[in-house]
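This is run_11.txt. It holds compact mmCIF, N, CA and C atoms.
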```
# COMPACT_ATOMS: atom_id res chain seq x y z
N GLN A 78 8.30 -196.80 -58.15
CA GLN A 78 7.35 -196.12 -59.00
C GLN A 78 8.09 -195.38 -60.12
N GLU A 79 9.20 -194.75 -59.77
CA GLU A 79 9.96 -194.01 -60.78
C GLU A 79 10.50 -194.93 -61.87
N ALA A 80 11.01 -196.09 -61.48
CA ALA A 80 11.57 -197.03 -62.46
C ALA A 80 10.48 -197.55 -63.37
N ILE A 81 9.34 -197.86 -62.82
CA ILE A 81 8.24 -198.39 -63.61
C ILE A 81 7.67 -197.33 -64.54
N ALA A 82 7.74 -196.08 -64.13
CA ALA A 82 7.23 -194.99 -64.97
C ALA A 82 7.99 -194.88 -66.29
N LEU A 83 9.20 -195.40 -66.32
CA LEU A 83 10.01 -195.33 -67.54
C LEU A 83 9.67 -196.42 -68.55
N LEU A 84 8.89 -197.40 -68.15
CA LEU A 84 8.54 -198.50 -69.04
C LEU A 84 7.57 -198.07 -70.13
N GLU A 85 7.72 -198.69 -71.28
CA GLU A 85 6.78 -198.47 -72.37
C GLU A 85 5.60 -199.43 -72.17
N SER A 86 4.44 -198.89 -71.92
CA SER A 86 3.28 -199.74 -71.68
C SER A 86 2.01 -199.07 -72.18
N PRO A 87 1.15 -199.85 -72.84
CA PRO A 87 -0.14 -199.30 -73.24
C PRO A 87 -1.03 -199.06 -72.01
N ASP A 88 -0.64 -199.65 -70.88
CA ASP A 88 -1.40 -199.49 -69.64
C ASP A 88 -0.79 -198.43 -68.73
N ARG A 89 0.01 -197.56 -69.27
CA ARG A 89 0.71 -196.54 -68.47
C ARG A 89 -0.24 -195.78 -67.55
N ARG A 90 -1.38 -195.36 -68.08
CA ARG A 90 -2.32 -194.58 -67.27
C ARG A 90 -2.88 -195.41 -66.12
N LYS A 91 -3.15 -196.68 -66.37
CA LYS A 91 -3.66 -197.57 -65.31
C LYS A 91 -2.60 -197.77 -64.22
N ILE A 92 -1.34 -197.90 -64.63
CA ILE A 92 -0.24 -198.04 -63.68
C ILE A 92 -0.14 -196.78 -62.82
N GLU A 93 -0.16 -195.63 -63.47
CA GLU A 93 -0.07 -194.36 -62.75
C GLU A 93 -1.24 -194.19 -61.78
N ASN A 94 -2.44 -194.55 -62.21
CA ASN A 94 -3.61 -194.43 -61.34
C ASN A 94 -3.50 -195.34 -60.12
N ALA A 95 -3.01 -196.55 -60.33
CA ALA A 95 -2.87 -197.49 -59.21
C ALA A 95 -1.83 -196.98 -58.21
N PHE A 96 -0.70 -196.45 -58.69
CA PHE A 96 0.29 -195.89 -57.79
C PHE A 96 -0.26 -194.65 -57.07
N ALA A 97 -1.05 -193.85 -57.77
CA ALA A 97 -1.66 -192.68 -57.14
C ALA A 97 -2.62 -193.11 -56.04
N ASP A 98 -3.38 -194.17 -56.27
CA ASP A 98 -4.28 -194.69 -55.23
C ASP A 98 -3.49 -195.13 -54.00
N ALA A 99 -2.38 -195.82 -54.23
CA ALA A 99 -1.54 -196.28 -53.12
C ALA A 99 -0.97 -195.09 -52.36
N GLN A 100 -0.48 -194.10 -53.07
CA GLN A 100 0.10 -192.92 -52.44
C GLN A 100 -0.94 -192.14 -51.65
N GLU A 101 -2.13 -192.02 -52.20
CA GLU A 101 -3.22 -191.32 -51.50
C GLU A 101 -3.53 -192.01 -50.17
N GLU A 102 -3.57 -193.33 -50.18
CA GLU A 102 -3.87 -194.07 -48.96
C GLU A 102 -2.73 -193.95 -47.95
N VAL A 103 -1.48 -194.01 -48.42
CA VAL A 103 -0.32 -193.91 -47.53
C VAL A 103 -0.28 -192.54 -46.84
N ASN A 104 -0.75 -191.52 -47.50
CA ASN A 104 -0.72 -190.17 -46.95
C ASN A 104 -1.78 -189.93 -45.88
N LYS A 105 -2.69 -190.85 -45.70
CA LYS A 105 -3.72 -190.69 -44.67
C LYS A 105 -3.10 -190.91 -43.29
N PRO A 106 -3.68 -190.31 -42.25
CA PRO A 106 -3.14 -190.49 -40.90
C PRO A 106 -3.06 -191.96 -40.46
N ASN A 107 -4.04 -192.75 -40.81
CA ASN A 107 -4.05 -194.18 -40.49
C ASN A 107 -4.33 -194.97 -41.77
N PRO A 108 -3.31 -195.14 -42.61
CA PRO A 108 -3.54 -195.80 -43.90
C PRO A 108 -4.00 -197.25 -43.74
N ASP A 109 -4.89 -197.63 -44.62
CA ASP A 109 -5.36 -199.01 -44.67
C ASP A 109 -4.36 -199.79 -45.52
N LYS A 110 -3.56 -200.62 -44.89
CA LYS A 110 -2.49 -201.34 -45.59
C LYS A 110 -3.04 -202.27 -46.65
N ASN A 111 -4.23 -202.79 -46.45
CA ASN A 111 -4.82 -203.65 -47.48
C ASN A 111 -5.17 -202.85 -48.73
N GLU A 112 -5.61 -201.63 -48.55
CA GLU A 112 -5.89 -200.77 -49.71
C GLU A 112 -4.61 -200.46 -50.47
N VAL A 113 -3.55 -200.20 -49.73
CA VAL A 113 -2.25 -199.93 -50.36
C VAL A 113 -1.80 -201.18 -51.12
N GLY A 114 -1.92 -202.33 -50.48
CA GLY A 114 -1.53 -203.59 -51.12
C GLY A 114 -2.30 -203.87 -52.39
N LYS A 115 -3.61 -203.62 -52.34
CA LYS A 115 -4.45 -203.85 -53.53
C LYS A 115 -4.03 -202.92 -54.67
N ALA A 116 -3.75 -201.67 -54.34
CA ALA A 116 -3.34 -200.72 -55.37
C ALA A 116 -1.99 -201.12 -55.98
N LEU A 117 -1.05 -201.53 -55.13
CA LEU A 117 0.26 -201.95 -55.64
C LEU A 117 0.14 -203.23 -56.47
N ASP A 118 -0.72 -204.12 -56.04
CA ASP A 118 -0.96 -205.36 -56.80
C ASP A 118 -1.46 -205.02 -58.20
N ARG A 119 -2.38 -204.08 -58.29
CA ARG A 119 -2.90 -203.64 -59.60
C ARG A 119 -1.78 -203.02 -60.44
N ALA A 120 -1.01 -202.14 -59.83
CA ALA A 120 0.07 -201.46 -60.56
C ALA A 120 1.06 -202.46 -61.12
N PHE A 121 1.49 -203.42 -60.30
CA PHE A 121 2.46 -204.40 -60.76
C PHE A 121 1.86 -205.38 -61.75
N ASP A 122 0.58 -205.65 -61.63
CA ASP A 122 -0.07 -206.54 -62.58
C ASP A 122 0.00 -205.94 -63.98
N TYR A 123 -0.23 -204.65 -64.08
CA TYR A 123 -0.12 -203.98 -65.38
C TYR A 123 1.34 -203.84 -65.79
N ALA A 124 2.20 -203.47 -64.85
CA ALA A 124 3.60 -203.20 -65.16
C ALA A 124 4.35 -204.43 -65.64
N LYS A 125 4.05 -205.59 -65.07
CA LYS A 125 4.82 -206.78 -65.46
C LYS A 125 4.55 -207.20 -66.89
N ARG A 126 3.51 -206.65 -67.50
CA ARG A 126 3.24 -206.92 -68.92
C ARG A 126 3.96 -205.95 -69.85
N ALA A 127 4.57 -204.92 -69.26
CA ALA A 127 5.24 -203.89 -70.05
C ALA A 127 6.59 -204.38 -70.55
N GLU A 128 6.96 -203.89 -71.71
CA GLU A 128 8.25 -204.23 -72.27
C GLU A 128 9.35 -203.67 -71.37
N GLY A 129 10.30 -204.50 -71.01
CA GLY A 129 11.42 -204.07 -70.19
C GLY A 129 11.24 -204.30 -68.69
N PHE A 130 10.08 -204.81 -68.27
CA PHE A 130 9.86 -205.04 -66.85
C PHE A 130 10.88 -206.01 -66.26
N ALA A 131 11.19 -207.05 -67.00
CA ALA A 131 12.12 -208.07 -66.50
C ALA A 131 13.48 -207.46 -66.14
N SER A 132 13.89 -206.43 -66.86
CA SER A 132 15.18 -205.81 -66.57
C SER A 132 15.16 -204.98 -65.29
N LEU A 133 13.98 -204.68 -64.76
CA LEU A 133 13.87 -203.89 -63.53
C LEU A 133 13.78 -204.74 -62.27
N VAL A 134 13.61 -206.03 -62.43
CA VAL A 134 13.34 -206.91 -61.29
C VAL A 134 14.39 -206.75 -60.18
N GLU A 135 15.67 -206.78 -60.52
CA GLU A 135 16.71 -206.66 -59.50
C GLU A 135 16.64 -205.32 -58.78
N LYS A 136 16.34 -204.29 -59.51
CA LYS A 136 16.24 -202.95 -58.94
C LYS A 136 15.05 -202.84 -57.99
N LEU A 137 13.99 -203.57 -58.29
CA LEU A 137 12.76 -203.49 -57.49
C LEU A 137 12.80 -204.34 -56.22
N LYS A 138 13.63 -205.38 -56.20
CA LYS A 138 13.65 -206.32 -55.08
C LYS A 138 13.78 -205.65 -53.71
N PRO A 139 14.77 -204.78 -53.49
CA PRO A 139 14.89 -204.21 -52.14
C PRO A 139 13.69 -203.34 -51.76
N HIS A 140 13.15 -202.63 -52.73
CA HIS A 140 12.01 -201.75 -52.46
C HIS A 140 10.76 -202.57 -52.14
N LEU A 141 10.54 -203.59 -52.92
CA LEU A 141 9.35 -204.42 -52.71
C LEU A 141 9.47 -205.23 -51.43
N THR A 142 10.69 -205.62 -51.06
CA THR A 142 10.90 -206.35 -49.81
C THR A 142 10.52 -205.47 -48.62
N LYS A 143 10.95 -204.22 -48.63
CA LYS A 143 10.62 -203.29 -47.53
C LYS A 143 9.12 -202.99 -47.52
N THR A 144 8.55 -202.81 -48.68
CA THR A 144 7.13 -202.49 -48.77
C THR A 144 6.27 -203.62 -48.24
N THR A 145 6.59 -204.84 -48.64
CA THR A 145 5.78 -205.97 -48.18
C THR A 145 5.95 -206.20 -46.68
N ALA A 146 7.12 -205.89 -46.14
CA ALA A 146 7.32 -206.00 -44.69
C ALA A 146 6.40 -205.02 -43.97
N TRP A 147 6.26 -203.81 -44.51
CA TRP A 147 5.38 -202.81 -43.92
C TRP A 147 3.91 -203.21 -44.07
N LEU A 148 3.56 -203.75 -45.23
CA LEU A 148 2.17 -204.13 -45.49
C LEU A 148 1.72 -205.28 -44.59
N GLY A 149 2.61 -206.19 -44.29
CA GLY A 149 2.27 -207.32 -43.43
C GLY A 149 2.18 -208.62 -44.19
N GLU A 150 1.94 -209.69 -43.44
CA GLU A 150 2.01 -211.05 -44.00
C GLU A 150 1.02 -211.32 -45.12
N ASN A 151 -0.10 -210.62 -45.15
CA ASN A 151 -1.07 -210.86 -46.22
C ASN A 151 -0.57 -210.41 -47.58
N TRP A 152 0.49 -209.64 -47.62
CA TRP A 152 0.95 -209.08 -48.90
C TRP A 152 2.30 -209.61 -49.35
N HIS A 153 2.81 -210.65 -48.72
CA HIS A 153 4.07 -211.23 -49.17
C HIS A 153 3.96 -211.82 -50.57
N LYS A 154 2.74 -212.03 -51.04
CA LYS A 154 2.56 -212.54 -52.40
C LYS A 154 3.14 -211.59 -53.44
N LEU A 155 3.24 -210.30 -53.08
CA LEU A 155 3.82 -209.34 -54.02
C LEU A 155 5.28 -209.65 -54.32
N LEU A 156 5.95 -210.35 -53.42
CA LEU A 156 7.36 -210.69 -53.63
C LEU A 156 7.54 -211.61 -54.83
N GLY A 157 6.52 -212.36 -55.18
CA GLY A 157 6.59 -213.24 -56.34
C GLY A 157 6.81 -212.47 -57.64
N ILE A 158 6.42 -211.23 -57.65
CA ILE A 158 6.59 -210.39 -58.84
C ILE A 158 8.06 -210.24 -59.19
N VAL A 159 8.92 -210.22 -58.17
CA VAL A 159 10.34 -210.05 -58.40
C VAL A 159 11.12 -211.34 -58.14
N GLY A 160 10.42 -212.44 -58.16
CA GLY A 160 11.06 -213.74 -58.03
C GLY A 160 11.41 -214.15 -56.61
N LEU A 161 10.87 -213.44 -55.65
CA LEU A 161 11.08 -213.81 -54.25
C LEU A 161 9.79 -214.40 -53.73
N GLY A 162 9.88 -215.32 -52.83
CA GLY A 162 8.68 -215.91 -52.27
C GLY A 162 8.98 -216.54 -50.94
N ILE A 163 7.91 -216.95 -50.31
CA ILE A 163 8.07 -217.58 -49.01
C ILE A 163 7.94 -219.08 -49.18
```
Please express what this file holds, its structure, as structure tokens.
Amino acid sequence: QEAIALLESPDRRKIENAFADAQEEVNKPNPDKNEVGKALDRAFDYAKRAEGFASLVEKLKPHLTKTTAWLGENWHKLLGIVGLGI
């Protein structure tokens, strides 16, 4: 989230809102992983259109790998954002 926050994007507010939605869900006692996944999918959908996103891909790989492992098999599609896939 911190790395993406540095990107220049006209969708900055949408990215921030999507990450906030994900964080809000994660903070619940029993977070709905699908809700977290949907919010992250939205955030990355906006972020990958931002100038400089391609330069962050390597930095994001380990974080996104851990996140998708926690989210479960339905969210491995997020790995495609950083060039990883099943």
Q: Pick out the closest residue to A:Phe96 from this set: A:Leu141, A:Leu84, A:Ala124, A:Ala116. Count only N, CA and C atoms.
A: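 Ranking A:Leu141, A:Leu84, A:Ala124, A:Ala116 by distance to A:Phe96, first place goes to A:Ala116.
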Q.
(4.5, -209.6, -62.3) in this file's frame - what residues fall within 10 Å of it? Use only C-alpha atoms and give the answer as a PyMOL selection string.
A. chain A and resi 118-127+130-131+134+155-160
Q: Kindly indicate which residue among A:Glu79, A:Leu117, A:Gly162, A:Glu85 lies nearest to A:Gly129, using only N, CA and C atoms for the distances.
A: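 Closest to A:Gly129, using only N, CA and C atoms: A:Glu85.
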**Q.** Contacts of A:Val113 within 7 Å, all atoms listed in the file, excl. fewer than 2 positions in-chain, as an MDAnalysis selection string
**A.** chainID A and resid 98:100 102:103 108:111 115:118
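You will find atom CA of A:Glu128 at 13.8 Å from atom N of A:Ile92.
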Q) So how many Å separate atom CA of A:Trp147 and atom CA of A:Ala97, to one decimal? A) 18.1 Å
Q | Distance of atom CA of A:Pro106 from atom CA of A:Ala80, expressed in Å to one decimal place | A |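 According to the coordinates, atom CA of A:Ala80 and atom CA of A:Pro106 are separated by 26.9 Å.
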To test the calculation: enclose all listed atoms of stretch 121-138 of chain A in a box whose edges run along x, y and z, add 5 Å on each side, then state centre and edge lengths in Å to one decimal, as JSON.
```
{"center_x": 8.2, "center_y": -205.5, "center_z": -63.0, "size_x": 26.9, "size_y": 15.2, "size_z": 28.6}
```
Q: Identify, with DSSP run on backbone atoms, the residues in chain A assigned to helix (DSSP H, G or I), and express the list as a PyMOL selection string.
A: chain A and resi 79-82+89-103+110-124+130-148+150-159
